[in-house]
file work07.txt (compact mmCIF, C-alpha atoms and all ligand atoms)
# COMPACT_ATOMS: atom_id res chain seq x y z
CA MET F 75 119.28 79.46 124.56
CA GLN F 76 116.89 81.41 122.32
CA SER F 77 118.39 82.74 119.09
CA LYS F 78 118.18 86.47 118.35
CA LYS F 79 115.70 85.65 115.57
CA ALA F 80 113.34 83.92 118.00
CA GLY F 81 113.67 86.80 120.47
CA GLY F 82 111.53 89.89 120.74
CA LEU F 83 108.45 87.68 121.27
CA ALA F 84 108.16 87.46 117.46
CA GLY F 85 105.23 85.28 116.47
CA VAL F 86 104.10 84.82 120.09
CA ILE F 87 100.35 85.19 120.67
CA ALA F 88 100.35 87.18 123.90
CA GLY F 89 96.61 87.55 124.44
CA GLU F 90 93.21 88.04 122.82
CA THR F 91 91.77 91.23 121.40
CA ALA F 92 88.55 92.28 119.70
CA ILE F 93 89.96 95.62 118.60
CA CYS F 94 92.21 95.09 115.61
CA THR F 95 93.58 92.60 113.07
CA VAL F 96 97.05 93.19 111.60
CA GLY F 97 98.12 91.37 108.45
CA THR F 98 95.55 88.58 108.85
CA GLU F 99 95.39 86.74 105.53
CA GLY F 100 92.40 87.83 103.45
CA VAL F 101 91.43 90.41 106.06
CA GLY F 102 94.39 92.79 106.44
CA LEU F 103 94.31 95.70 108.83
CA THR F 104 90.92 96.28 110.44
CA TYR F 105 89.69 98.31 113.39
CA ARG F 106 86.77 96.50 115.02
CA GLY F 107 86.13 94.77 111.70
CA TYR F 108 86.28 97.85 109.46
CA GLY F 109 89.00 97.86 106.78
CA ILE F 110 91.68 100.53 106.97
CA HIS F 111 91.16 101.64 103.36
CA ASP F 112 87.47 102.36 103.98
CA LEU F 113 88.19 104.18 107.22
CA ALA F 114 90.97 106.29 105.69
CA GLU F 115 88.83 107.18 102.69
CA HIS F 116 85.46 107.84 104.30
CA ALA F 117 85.86 108.46 108.04
CA SER F 118 87.30 111.25 110.15
CA PHE F 119 89.69 110.63 113.04
CA GLU F 120 86.91 111.43 115.51
CA GLU F 121 84.71 108.71 114.00
CA VAL F 122 87.58 106.26 114.29
CA ALA F 123 88.43 107.30 117.86
CA TYR F 124 84.76 106.83 118.78
CA LEU F 125 84.78 103.42 117.10
CA LEU F 126 87.87 102.31 118.99
CA ILE F 127 87.02 103.80 122.37
CA ARG F 128 83.26 103.19 122.42
CA GLY F 129 83.18 100.05 120.30
CA LYS F 130 80.87 101.11 117.43
CA LEU F 131 80.73 103.67 114.63
CA PRO F 132 78.84 106.76 115.82
CA THR F 133 75.56 107.96 114.36
CA GLN F 134 75.63 111.56 113.11
CA SER F 135 74.23 112.88 116.40
CA GLU F 136 76.66 110.76 118.45
CA LEU F 137 79.54 112.08 116.35
CA ASP F 138 78.34 115.68 116.74
CA GLY F 139 78.12 115.13 120.50
CA TYR F 140 81.58 113.57 120.62
CA ARG F 141 83.09 116.48 118.70
CA GLU F 142 81.44 118.91 121.15
CA THR F 143 82.84 116.92 124.08
CA LEU F 144 86.35 117.08 122.63
CA ILE F 145 86.08 120.81 121.83
CA GLY F 146 84.95 121.44 125.42
CA ALA F 147 87.83 119.40 126.87
CA ARG F 148 90.76 121.14 125.14
CA GLY F 149 91.62 123.58 127.92
CA LEU F 150 94.60 122.93 130.22
CA PRO F 151 94.51 123.33 134.01
CA ASP F 152 96.73 126.16 135.31
CA GLY F 153 98.96 123.71 137.18
CA LEU F 154 99.72 121.87 133.96
CA LYS F 155 100.54 125.12 132.15
CA ILE F 156 103.07 125.91 134.89
CA VAL F 157 104.64 122.47 134.48
CA LEU F 158 104.87 122.96 130.69
CA GLU F 159 106.47 126.37 131.18
CA GLN F 160 109.06 124.88 133.54
CA LEU F 161 110.17 122.19 131.08
CA PRO F 162 113.24 123.11 128.99
CA GLY F 163 112.55 124.64 125.60
CA ASP F 164 114.95 122.14 124.04
CA ALA F 165 113.22 119.08 125.54
CA HIS F 166 112.06 116.51 123.01
CA PRO F 167 108.32 117.03 122.40
CA MET F 168 107.72 113.34 123.19
CA ASP F 169 109.16 113.95 126.65
CA VAL F 170 106.86 116.95 126.95
CA LEU F 171 103.80 114.82 126.16
CA ARG F 172 104.95 112.03 128.50
CA THR F 173 105.39 114.56 131.30
CA GLY F 174 102.21 116.43 130.41
CA CYS F 175 100.18 113.23 130.55
CA SER F 176 101.73 112.28 133.86
CA ALA F 177 101.18 115.75 135.34
CA LEU F 178 97.53 115.78 134.24
CA GLY F 179 97.16 112.46 136.05
CA THR F 180 98.16 114.15 139.31
CA ILE F 181 95.84 117.10 138.81
CA GLU F 182 92.80 115.19 137.52
CA LYS F 183 93.38 111.91 139.32
CA GLU F 184 91.64 108.74 138.28
CA THR F 185 89.53 107.56 141.21
CA GLU F 186 86.94 104.85 141.64
CA ASP F 187 84.29 107.36 140.63
CA THR F 188 86.00 108.39 137.40
CA ASN F 189 84.51 107.26 134.11
CA GLN F 190 87.49 105.89 132.16
CA SER F 191 86.04 107.13 128.84
CA ASP F 192 86.20 110.67 130.21
CA ILE F 193 89.95 110.31 130.73
CA ALA F 194 90.38 108.96 127.21
CA ASP F 195 88.39 111.90 125.79
CA ARG F 196 90.37 114.35 127.92
CA LEU F 197 93.66 113.00 126.60
CA VAL F 198 92.47 112.99 122.97
CA ALA F 199 91.47 116.63 123.49
CA THR F 200 94.47 117.88 125.47
CA LEU F 201 97.51 116.19 123.92
CA PRO F 202 97.66 118.71 121.02
CA SER F 203 96.99 121.56 123.47
CA MET F 204 99.85 120.48 125.77
CA LEU F 205 102.34 120.21 122.95
CA LEU F 206 101.52 123.55 121.35
CA TYR F 207 101.19 125.47 124.61
CA TRP F 208 104.72 124.34 125.49
CA HIS F 209 105.97 125.00 121.93
CA HIS F 210 104.75 128.59 121.67
CA PHE F 211 105.72 129.49 125.22
CA HIS F 212 109.32 128.47 124.57
CA GLU F 213 109.45 129.77 120.97
CA SER F 214 108.11 133.25 121.63
CA GLY F 215 107.09 133.55 125.29
CA THR F 216 103.42 133.54 124.21
CA ARG F 217 100.83 131.84 126.42
CA ILE F 218 98.46 130.80 123.65
CA ASN F 219 94.77 130.14 124.07
CA VAL F 220 94.48 126.41 123.36
CA GLU F 221 90.68 126.35 123.21
CA THR F 222 89.92 126.50 119.49
CA ASP F 223 86.48 125.61 118.12
CA ASP F 224 87.83 123.58 115.18
CA ASP F 225 85.65 120.51 114.92
CA THR F 226 88.51 118.13 114.11
CA THR F 227 91.62 117.23 116.07
CA ALA F 228 93.68 117.70 112.89
CA GLY F 229 92.31 121.22 112.39
CA HIS F 230 92.82 122.04 116.07
CA PHE F 231 96.44 120.90 115.92
CA LEU F 232 97.30 122.78 112.69
CA HIS F 233 95.43 125.88 113.87
CA LEU F 234 97.41 125.97 117.13
CA LEU F 235 100.68 125.22 115.33
CA HIS F 236 100.42 127.78 112.54
CA GLY F 237 98.13 130.30 114.25
CA ARG F 238 96.14 130.88 111.07
CA GLU F 239 93.33 129.46 108.99
CA VAL F 240 93.98 125.83 108.20
CA ASP F 241 94.68 124.62 104.66
CA GLU F 242 92.12 121.89 103.86
CA LEU F 243 94.57 119.59 102.06
CA GLN F 244 96.94 119.72 105.03
CA ARG F 245 94.09 119.24 107.50
CA ARG F 246 92.77 116.17 105.74
CA THR F 247 96.30 114.74 105.44
CA VAL F 248 96.81 115.05 109.21
CA ASP F 249 93.28 113.69 109.78
CA VAL F 250 94.05 110.60 107.67
CA SER F 251 97.43 110.20 109.39
CA LEU F 252 95.68 110.12 112.78
CA ILE F 253 93.35 107.40 111.47
CA LEU F 254 96.31 105.36 110.20
CA TYR F 255 98.19 105.80 113.48
CA ALA F 256 95.17 105.18 115.73
CA GLU F 257 95.57 101.45 116.31
CA HIS F 258 97.82 98.49 115.51
CA GLU F 259 97.13 95.53 117.82
CA PHE F 260 99.92 94.42 120.21
CA ASN F 261 102.66 96.79 119.03
CA ALA F 262 105.33 97.74 121.58
CA SER F 263 103.66 100.83 123.06
CA THR F 264 100.19 99.25 123.22
CA PHE F 265 101.65 96.17 124.86
CA THR F 266 103.36 98.47 127.37
CA ALA F 267 100.00 100.09 128.12
CA ARG F 268 98.39 96.68 128.61
CA VAL F 269 101.18 95.41 130.86
CA ALA F 270 100.80 98.54 132.99
CA ALA F 271 96.99 98.36 133.00
CA ALA F 272 97.16 94.70 134.05
CA THR F 273 98.77 95.72 137.34
CA LEU F 274 95.59 97.78 137.99
CA THR F 275 97.56 101.00 137.92
CA ASP F 276 95.84 104.21 136.79
CA PHE F 277 95.05 105.18 133.20
CA TYR F 278 97.63 107.99 133.04
CA SER F 279 100.46 105.71 134.17
CA ALA F 280 99.63 103.23 131.42
CA VAL F 281 99.57 106.00 128.79
CA SER F 282 102.76 107.67 130.09
CA GLY F 283 104.60 104.36 129.73
CA ALA F 284 103.19 103.91 126.25
CA ILE F 285 104.36 107.38 125.17
CA GLY F 286 107.87 106.63 126.43
CA THR F 287 107.87 103.37 124.46
CA LEU F 288 106.57 104.97 121.27
CA ARG F 289 109.40 107.49 121.39
CA GLY F 290 112.09 104.98 120.29
CA PRO F 291 113.32 105.02 116.67
CA LEU F 292 112.46 101.34 116.18
CA HIS F 293 108.82 102.26 116.88
CA GLY F 294 107.16 105.69 116.49
CA GLY F 295 110.41 107.63 116.32
CA ALA F 296 111.02 106.16 112.84
CA ASN F 297 109.05 108.97 111.14
CA GLU F 298 111.47 111.58 112.48
CA ALA F 299 114.48 109.41 111.60
CA ALA F 300 113.11 108.96 108.05
CA MET F 301 112.86 112.74 107.70
CA ALA F 302 116.47 113.13 108.84
CA LEU F 303 117.48 110.92 105.91
CA ILE F 304 115.34 112.31 103.10
CA GLU F 305 115.93 115.97 103.92
CA ARG F 306 119.65 115.59 103.24
CA LEU F 307 119.06 114.08 99.79
CA ASP F 308 118.87 116.58 96.95
CA SER F 309 117.99 114.25 94.09
CA PRO F 310 116.84 110.67 93.39
CA ASP F 311 120.35 109.76 92.21
CA GLU F 312 121.86 111.02 95.44
CA ALA F 313 119.19 109.03 97.29
CA GLU F 314 120.19 105.87 95.45
CA ALA F 315 123.91 106.33 96.16
CA THR F 316 123.34 107.18 99.82
CA VAL F 317 121.03 104.25 100.52
CA LEU F 318 123.38 101.81 98.78
CA GLU F 319 126.24 103.09 100.91
CA MET F 320 124.17 102.83 104.09
CA LEU F 321 123.16 99.27 103.27
CA ALA F 322 126.75 98.34 102.50
CA THR F 323 127.73 99.53 105.98
CA LYS F 324 124.77 97.62 107.52
CA GLN F 325 122.88 100.74 108.60
CA LEU F 326 119.12 100.64 109.11
CA ILE F 327 116.97 102.74 106.80
CA MET F 328 114.30 104.06 109.12
CA GLY F 329 110.72 103.72 107.93
CA PHE F 330 111.34 100.31 106.28
CA GLY F 331 110.52 96.82 107.43
CA HIS F 332 107.98 95.55 109.91
CA ARG F 333 107.70 92.84 112.53
CA VAL F 334 104.30 91.59 111.36
CA TYR F 335 103.97 92.57 107.69
CA THR F 336 106.12 90.59 105.28
CA VAL F 337 105.16 91.94 101.84
CA SER F 338 103.83 95.47 102.37
CA ASP F 339 102.29 97.77 104.95
CA PRO F 340 98.74 98.58 103.77
CA ARG F 341 98.97 102.02 105.37
CA SER F 342 102.01 103.08 103.35
CA ASP F 343 100.30 103.53 99.97
CA ILE F 344 97.52 105.55 101.60
CA ILE F 345 99.86 108.11 103.10
CA LYS F 346 102.07 108.02 100.00
CA GLY F 347 99.04 109.22 98.02
CA TRP F 348 98.61 112.18 100.37
CA SER F 349 102.33 112.93 100.20
CA ARG F 350 102.08 113.02 96.40
CA LYS F 351 99.07 115.37 96.51
CA LEU F 352 100.86 117.75 98.89
CA SER F 353 104.00 117.71 96.72
CA GLU F 354 101.99 118.52 93.60
CA ALA F 355 100.21 121.33 95.42
CA SER F 356 103.54 122.75 96.59
CA GLY F 357 104.99 122.66 93.06
CA ASP F 358 108.15 120.93 94.31
CA MET F 359 108.35 117.16 93.85
CA THR F 360 111.93 116.76 95.14
CA LEU F 361 111.15 115.26 98.53
CA PHE F 362 108.56 112.91 97.04
CA ASP F 363 110.81 111.80 94.17
CA VAL F 364 113.69 111.21 96.59
CA SER F 365 111.40 109.11 98.80
CA VAL F 366 110.16 107.05 95.87
CA ARG F 367 113.75 106.29 94.85
CA VAL F 368 114.62 105.19 98.39
CA GLU F 369 111.58 102.90 98.25
CA GLU F 370 112.70 101.44 94.90
CA VAL F 371 116.26 100.80 96.10
CA MET F 372 115.05 99.13 99.31
CA ARG F 373 112.73 96.81 97.37
CA ARG F 374 115.41 95.94 94.84
CA GLU F 375 118.30 95.49 97.27
CA LYS F 376 116.64 94.19 100.45
CA LYS F 377 113.08 93.19 99.44
CA LEU F 378 112.00 95.60 102.17
CA PHE F 379 108.96 97.85 101.86
CA PRO F 380 108.11 101.21 103.45
CA ASN F 381 106.08 101.08 106.62
CA LEU F 382 103.64 103.82 107.61
CA ASP F 383 106.40 106.07 108.91
CA PHE F 384 108.37 106.52 105.69
CA PHE F 385 105.99 108.56 103.50
CA MET F 386 104.55 110.09 106.66
CA ALA F 387 107.80 112.04 106.91
CA SER F 388 107.40 113.89 103.60
CA ALA F 389 103.65 114.31 104.16
CA TYR F 390 104.10 115.99 107.55
CA HIS F 391 107.02 118.09 106.30
CA LEU F 392 104.84 119.39 103.46
CA CYS F 393 102.19 120.34 106.03
CA GLY F 394 104.78 122.67 107.59
CA ILE F 395 105.10 120.52 110.71
CA PRO F 396 108.50 120.65 112.47
CA THR F 397 110.19 117.23 112.48
CA PRO F 398 110.32 116.83 116.31
CA MET F 399 106.49 116.98 116.29
CA PHE F 400 106.09 113.96 113.98
CA THR F 401 106.11 111.31 116.71
CA PRO F 402 103.91 113.42 119.02
CA ILE F 403 101.23 113.42 116.29
CA PHE F 404 101.51 109.62 116.32
CA VAL F 405 100.65 109.86 120.05
CA MET F 406 97.61 112.04 119.26
CA GLY F 407 96.26 109.27 117.03
CA ARG F 408 97.42 106.21 118.97
CA ILE F 409 95.86 107.45 122.21
CA ALA F 410 92.57 106.09 120.81
CA GLY F 411 94.03 102.60 120.41
CA TRP F 412 95.82 102.68 123.76
CA ALA F 413 92.57 103.67 125.48
CA ALA F 414 90.67 100.84 123.79
CA HIS F 415 93.33 98.34 124.87
CA ILE F 416 93.43 99.61 128.46
CA PHE F 417 89.63 99.20 128.63
CA GLU F 418 89.85 95.73 127.10
CA GLN F 419 92.62 94.68 129.48
CA ARG F 420 90.67 95.96 132.47
CA SER F 421 87.48 94.21 131.38
CA ASP F 422 89.05 90.75 131.67
CA ASN F 423 92.23 91.29 133.61
CA ARG F 424 95.04 89.01 134.65
CA LEU F 425 98.49 90.25 135.63
CA ILE F 426 100.88 89.99 132.66
CA ARG F 427 104.03 88.36 133.97
CA PRO F 428 105.87 85.99 131.64
CA GLY F 429 108.84 83.82 132.57
CA ALA F 430 112.46 84.00 131.42
CA GLU F 431 115.02 81.35 130.60
CA TYR F 432 117.92 81.81 133.00
CA ILE F 433 121.34 82.00 131.31
CA GLY F 434 123.42 83.44 134.23
CA PRO F 435 126.06 81.87 136.51
CA GLU F 436 125.49 78.64 138.41
CA PRO F 437 124.48 79.04 142.07
CA THR F 438 127.63 79.96 143.99
CA ASP F 439 128.75 80.85 147.54
CA TYR F 440 128.64 84.48 148.66
CA VAL F 441 132.14 86.05 148.48
CA PRO F 442 133.09 88.20 151.53
CA MET F 443 134.22 91.72 150.61
CA ALA F 444 137.88 91.14 151.66
CA GLU F 445 138.20 88.17 149.30
CA ARG F 446 136.84 89.88 146.16
CA GLU F 447 139.14 90.72 143.29
N1 LIG J 1 116.88 98.84 106.99
C1 LIG J 1 117.82 97.93 106.67
N2 LIG J 1 117.74 96.63 106.99
C2 LIG J 1 116.65 96.23 107.65
C3 LIG J 1 115.63 97.11 108.03
C4 LIG J 1 115.77 98.46 107.67
N3 LIG J 1 114.83 99.35 107.98
N4 LIG J 1 114.68 96.44 108.68
C5 LIG J 1 115.08 95.17 108.75
N5 LIG J 1 116.27 95.05 108.12
C6 LIG J 1 117.05 93.83 108.00
C7 LIG J 1 117.75 93.53 109.32
O1 LIG J 1 119.01 94.15 109.37
C8 LIG J 1 117.82 92.04 109.30
O2 LIG J 1 118.86 91.66 108.43
P1 LIG J 1 119.79 90.38 108.78
O3 LIG J 1 118.85 89.21 108.70
O4 LIG J 1 120.83 90.42 107.71
O5 LIG J 1 120.31 90.61 110.18
C9 LIG J 1 116.51 91.63 108.63
O6 LIG J 1 116.14 92.74 107.80
C10 LIG J 1 115.39 91.31 109.61
O7 LIG J 1 115.22 92.43 110.50
P2 LIG J 1 114.97 92.35 112.06
O8 LIG J 1 115.58 93.54 112.73
O9 LIG J 1 115.34 91.01 112.58
O10 LIG J 1 113.39 92.47 112.08
P3 LIG J 1 112.50 92.78 113.37
O11 LIG J 1 111.19 92.15 113.11
O12 LIG J 1 113.20 92.45 114.63
O13 LIG J 1 112.39 94.38 113.33
C11 LIG J 1 111.76 96.53 112.71
C12 LIG J 1 111.34 95.06 112.74
C13 LIG J 1 110.56 97.35 112.30
C14 LIG J 1 112.21 96.96 114.12
C15 LIG J 1 112.93 96.70 111.72
O14 LIG J 1 112.46 96.39 110.41
C16 LIG J 1 113.53 98.08 111.77
O15 LIG J 1 114.44 98.33 112.57
N6 LIG J 1 113.04 99.04 110.90
C17 LIG J 1 113.49 100.39 110.96
C18 LIG J 1 112.73 101.15 112.06
C19 LIG J 1 111.29 101.42 111.68
O16 LIG J 1 110.97 101.82 110.58
N7 LIG J 1 110.41 101.23 112.67
C20 LIG J 1 108.99 101.50 112.50
C21 LIG J 1 108.23 100.22 112.54
S1 LIG J 1 106.54 100.48 112.10

call {"tool": "encode", "arguments": {"input": "work07.txt", "output": "structure tokens"}}
result
Amino acid sequence: MQSKKAGGLAGVIAGETAICTVGTEGVGLTYRGYGIHDLAEHASFEEVAYLLIRGKLPTQSELDGYRETLIGARGLPDGLKIVLEQLPGDAHPMDVLRTGCSALGTIEKETEDTNQSDIADRLVATLPSMLLYWHHFHESGTRINVETDDDTTAGHFLHLLHGREVDELQRRTVDVSLILYAEHEFNASTFTARVAAATLTDFYSAVSGAIGTLRGPLHGGANEAAMALIERLDSPDEAEATVLEMLATKQLIMGFGHRVYTVSDPRSDIIKGWSRKLSEASGDMTLFDVSVRVEEVMRREKKLFPNLDFFMASAYHLCGIPTPMFTPIFVMGRIAGWAAHIFEQRSDNRLIRPGAEYIGPEPTDYVPMAERE
């Protein structure tokens, strides 16, 4: 029988990809060969989405065209608005996106004539619109106009959320977060999308399954769970005492550890830098200082390091983003990676269907109902 440690397909090479390297020695995290530090410093999310979905960095005119395409694709069909209005106001926003994606797939069906890149673009453009249409309708009964002319997805999202001019530091933080979230090889949600795509199902089904998988706290949901911890800590000393107590009672500290990385997550320091900048701009370092202490205690006590989700929590909070929207923003970035993987799977497809080691009862005779205990 497999041990728990060998479970979870840890270390198993489950296929080939030309999209991303994760933790490869001497190479690190790359999207189509480009290092994550360069992308996070110099590129916009739209450049990265273009790179992932279309396979190359865009020229200026290609990027301008792509931005125009996304701006023009932000509107929601009336049928989808009705669905979003019918969903409960207290639904989890991840469930709203999962349902919104699925509903769009019934209204704008993928057929043999559909260009799959158009669906990817449509989802990149509409995921923020779906979330914020639903949010404002249930918060205040307002049917907002989701068609902004902001030229970035980050600006579009913050504009729709706050309903006012977007702060540039916050916009760039969300932009960088989308880049960092955009792709990560065969993680659980991407693998879900590939398994679905390998059955030759439609694009929306593959993405709906991926959204449902990302929702879990061991995957994308960790950023919300990290926020739940740090927001109840008033000082670094309280953080230290709380984390020690949690570790003593064998609780997980969300936002720490990783299946593939063993020493550090290269994305963590990038978002930590943005979290620091936002804290300094706000004039209140409490959340940042608390987070840094949690990081120190985890390194000292468990040799565990923060993954991307830990400092993402304080960064998003300082952008005025409600906690239940943290994982949905992950979706808005990761849709680019999911799309690239669905295309790649389709381009050289074979059904994904592994085997299992049977550990159940020996073959036995059927027991008639009257003789069962
Ligand atoms: N807090 C406390 N202990 C942790 C931990 C965490 N965040 N992450 C791992 N550990 C401990 C485990 O309890 C385990 O200890 P043990 O050997 O005494 O049983 C050991 O480290 C190995 O962890 P394991 O769960 O086997 O690793 P995994 O590769 O199966 O899981 C994660 C990887 C990411 C699921 C895991 O680190 C985790 O649950 N992290 C918190 C959720 C999170 O941040 N997810 C986002 C991932 S990007």

call {"tool": "closest_residue", "arguments": {"input": "work07.txt", "among": "F:Val122, F:Met406, F:Ala296, F:Val157", "to": "ligand LIG 1 (chain J)", "atoms": "only C-alpha atoms and all ligand atoms"}}
result
F:Ala296

call {"tool": "residues_around", "arguments": {"input": "work07.txt", "residues": "region 78-93 of chain F", "least_positions_apart": "6", "cutoff": "10 Å", "atoms": "only C-alpha atoms", "output": "ChimeraX atom specification"}}
result
/F:104-107,125-127,129,257-260,265,333-334,411,414-415,418-419,426,428

call {"tool": "atom_distance", "arguments": {"input": "work07.txt", "atom1": "CA of Leu318 (chain F)", "atom2": "CA of Ser388 (chain F)"}}
result
20.6 Å

call {"tool": "closest_residue", "arguments": {"input": "work07.txt", "among": "F:Val317, F:Leu326, F:Ala199, F:Leu158", "to": "Ala177 (chain F)", "atoms": "only C-alpha atoms"}}
result
F:Leu158

call {"tool": "residues_near_point", "arguments": {"input": "work07.txt", "point": "(104.5, 129.7, 110.1)", "cutoff": "10 Å", "atoms": "only C-alpha atoms", "output": "number ranges by chain"}}
result
F: 235-238, 394-395

call {"tool": "write_last_selection", "arguments": {"input": "work07.txt", "atoms": "C-alpha atoms", "output": "tab-separated table (two decimals), in the coordinates of the input"}}
result
chain	number	residue	atom	x	y	z
F	235	LEU	CA	100.68	125.22	115.33
F	236	HIS	CA	100.42	127.78	112.54
F	237	GLY	CA	98.13	130.30	114.25
F	238	ARG	CA	96.14	130.88	111.07
F	394	GLY	CA	104.78	122.67	107.59
F	395	ILE	CA	105.10	120.52	110.71

call {"tool": "decode", "arguments": {"input": "work07.txt", "residues": "region 116-123 of chain F", "atoms": "all heavy atoms", "output": "PDB file, in the first residue's frame"}}
result
ATOM      1  N   HIS F 116       8.583  44.129 -15.221  1.00  0.00           N
ATOM      2  CA  HIS F 116       8.488  44.915 -16.452  1.00  0.00           C
ATOM      3  C   HIS F 116       7.177  44.765 -17.218  1.00  0.00           C
ATOM      4  O   HIS F 116       6.836  45.630 -18.025  1.00  0.00           O
ATOM      5  CB  HIS F 116       9.633  44.535 -17.404  1.00  0.00           C
ATOM      6  CG  HIS F 116      10.979  44.704 -16.790  1.00  0.00           C
ATOM      7  ND1 HIS F 116      11.471  45.927 -16.404  1.00  0.00           N
ATOM      8  CD2 HIS F 116      11.931  43.795 -16.466  1.00  0.00           C
ATOM      9  CE1 HIS F 116      12.678  45.773 -15.866  1.00  0.00           C
ATOM     10  NE2 HIS F 116      12.969  44.485 -15.889  1.00  0.00           N
ATOM     11  N   ALA F 117       6.475  43.642 -17.036  1.00  0.00           N
ATOM     12  CA  ALA F 117       5.306  43.388 -17.894  1.00  0.00           C
ATOM     13  C   ALA F 117       4.000  43.771 -17.199  1.00  0.00           C
ATOM     14  O   ALA F 117       3.972  44.008 -15.991  1.00  0.00           O
ATOM     15  CB  ALA F 117       5.268  41.906 -18.284  1.00  0.00           C
ATOM     16  N   SER F 118       2.953  43.838 -17.987  1.00  0.00           N
ATOM     17  CA  SER F 118       1.600  43.983 -17.434  1.00  0.00           C
ATOM     18  C   SER F 118       0.938  42.606 -17.502  1.00  0.00           C
ATOM     19  O   SER F 118       1.409  41.716 -18.223  1.00  0.00           O
ATOM     20  CB  SER F 118       0.788  44.964 -18.283  1.00  0.00           C
ATOM     21  OG  SER F 118       0.633  44.423 -19.593  1.00  0.00           O
ATOM     22  N   PHE F 119      -0.175  42.452 -16.780  1.00  0.00           N
ATOM     23  CA  PHE F 119      -0.890  41.173 -16.848  1.00  0.00           C
ATOM     24  C   PHE F 119      -1.314  40.856 -18.279  1.00  0.00           C
ATOM     25  O   PHE F 119      -1.260  39.701 -18.716  1.00  0.00           O
ATOM     26  CB  PHE F 119      -2.111  41.183 -15.918  1.00  0.00           C
ATOM     27  CG  PHE F 119      -3.002  40.000 -16.146  1.00  0.00           C
ATOM     28  CD1 PHE F 119      -2.557  38.710 -15.866  1.00  0.00           C
ATOM     29  CD2 PHE F 119      -4.277  40.150 -16.682  1.00  0.00           C
ATOM     30  CE1 PHE F 119      -3.356  37.598 -16.113  1.00  0.00           C
ATOM     31  CE2 PHE F 119      -5.092  39.049 -16.924  1.00  0.00           C
ATOM     32  CZ  PHE F 119      -4.628  37.769 -16.631  1.00  0.00           C
ATOM     33  N   GLU F 120      -1.733  41.879 -19.032  1.00  0.00           N
ATOM     34  CA  GLU F 120      -2.200  41.605 -20.400  1.00  0.00           C
ATOM     35  C   GLU F 120      -1.070  41.059 -21.269  1.00  0.00           C
ATOM     36  O   GLU F 120      -1.292  40.173 -22.090  1.00  0.00           O
ATOM     37  CB  GLU F 120      -2.806  42.871 -21.028  1.00  0.00           C
ATOM     38  CG  GLU F 120      -4.161  43.263 -20.457  1.00  0.00           C
ATOM     39  CD  GLU F 120      -4.098  43.732 -19.010  1.00  0.00           C
ATOM     40  OE1 GLU F 120      -3.054  44.321 -18.615  1.00  0.00           O
ATOM     41  OE2 GLU F 120      -5.065  43.513 -18.260  1.00  0.00           O
ATOM     42  N   GLU F 121       0.151  41.591 -21.063  1.00  0.00           N
ATOM     43  CA  GLU F 121       1.294  41.045 -21.819  1.00  0.00           C
ATOM     44  C   GLU F 121       1.504  39.578 -21.472  1.00  0.00           C
ATOM     45  O   GLU F 121       1.783  38.746 -22.335  1.00  0.00           O
ATOM     46  CB  GLU F 121       2.570  41.788 -21.419  1.00  0.00           C
ATOM     47  CG  GLU F 121       2.925  42.965 -22.278  1.00  0.00           C
ATOM     48  CD  GLU F 121       4.230  43.585 -21.775  1.00  0.00           C
ATOM     49  OE1 GLU F 121       5.298  43.125 -22.174  1.00  0.00           O
ATOM     50  OE2 GLU F 121       4.141  44.513 -20.957  1.00  0.00           O
ATOM     51  N   VAL F 122       1.384  39.277 -20.179  1.00  0.00           N
ATOM     52  CA  VAL F 122       1.620  37.909 -19.713  1.00  0.00           C
ATOM     53  C   VAL F 122       0.507  36.981 -20.199  1.00  0.00           C
ATOM     54  O   VAL F 122       0.764  35.853 -20.629  1.00  0.00           O
ATOM     55  CB  VAL F 122       1.756  37.891 -18.172  1.00  0.00           C
ATOM     56  CG1 VAL F 122       1.737  36.474 -17.633  1.00  0.00           C
ATOM     57  CG2 VAL F 122       3.028  38.607 -17.758  1.00  0.00           C
ATOM     58  N   ALA F 123      -0.726  37.460 -20.160  1.00  0.00           N
ATOM     59  CA  ALA F 123      -1.847  36.635 -20.645  1.00  0.00           C
ATOM     60  C   ALA F 123      -1.657  36.346 -22.139  1.00  0.00           C
ATOM     61  O   ALA F 123      -1.872  35.217 -22.604  1.00  0.00           O
ATOM     62  CB  ALA F 123      -3.177  37.346 -20.393  1.00  0.00           C
TER      63      ALA F 123
END
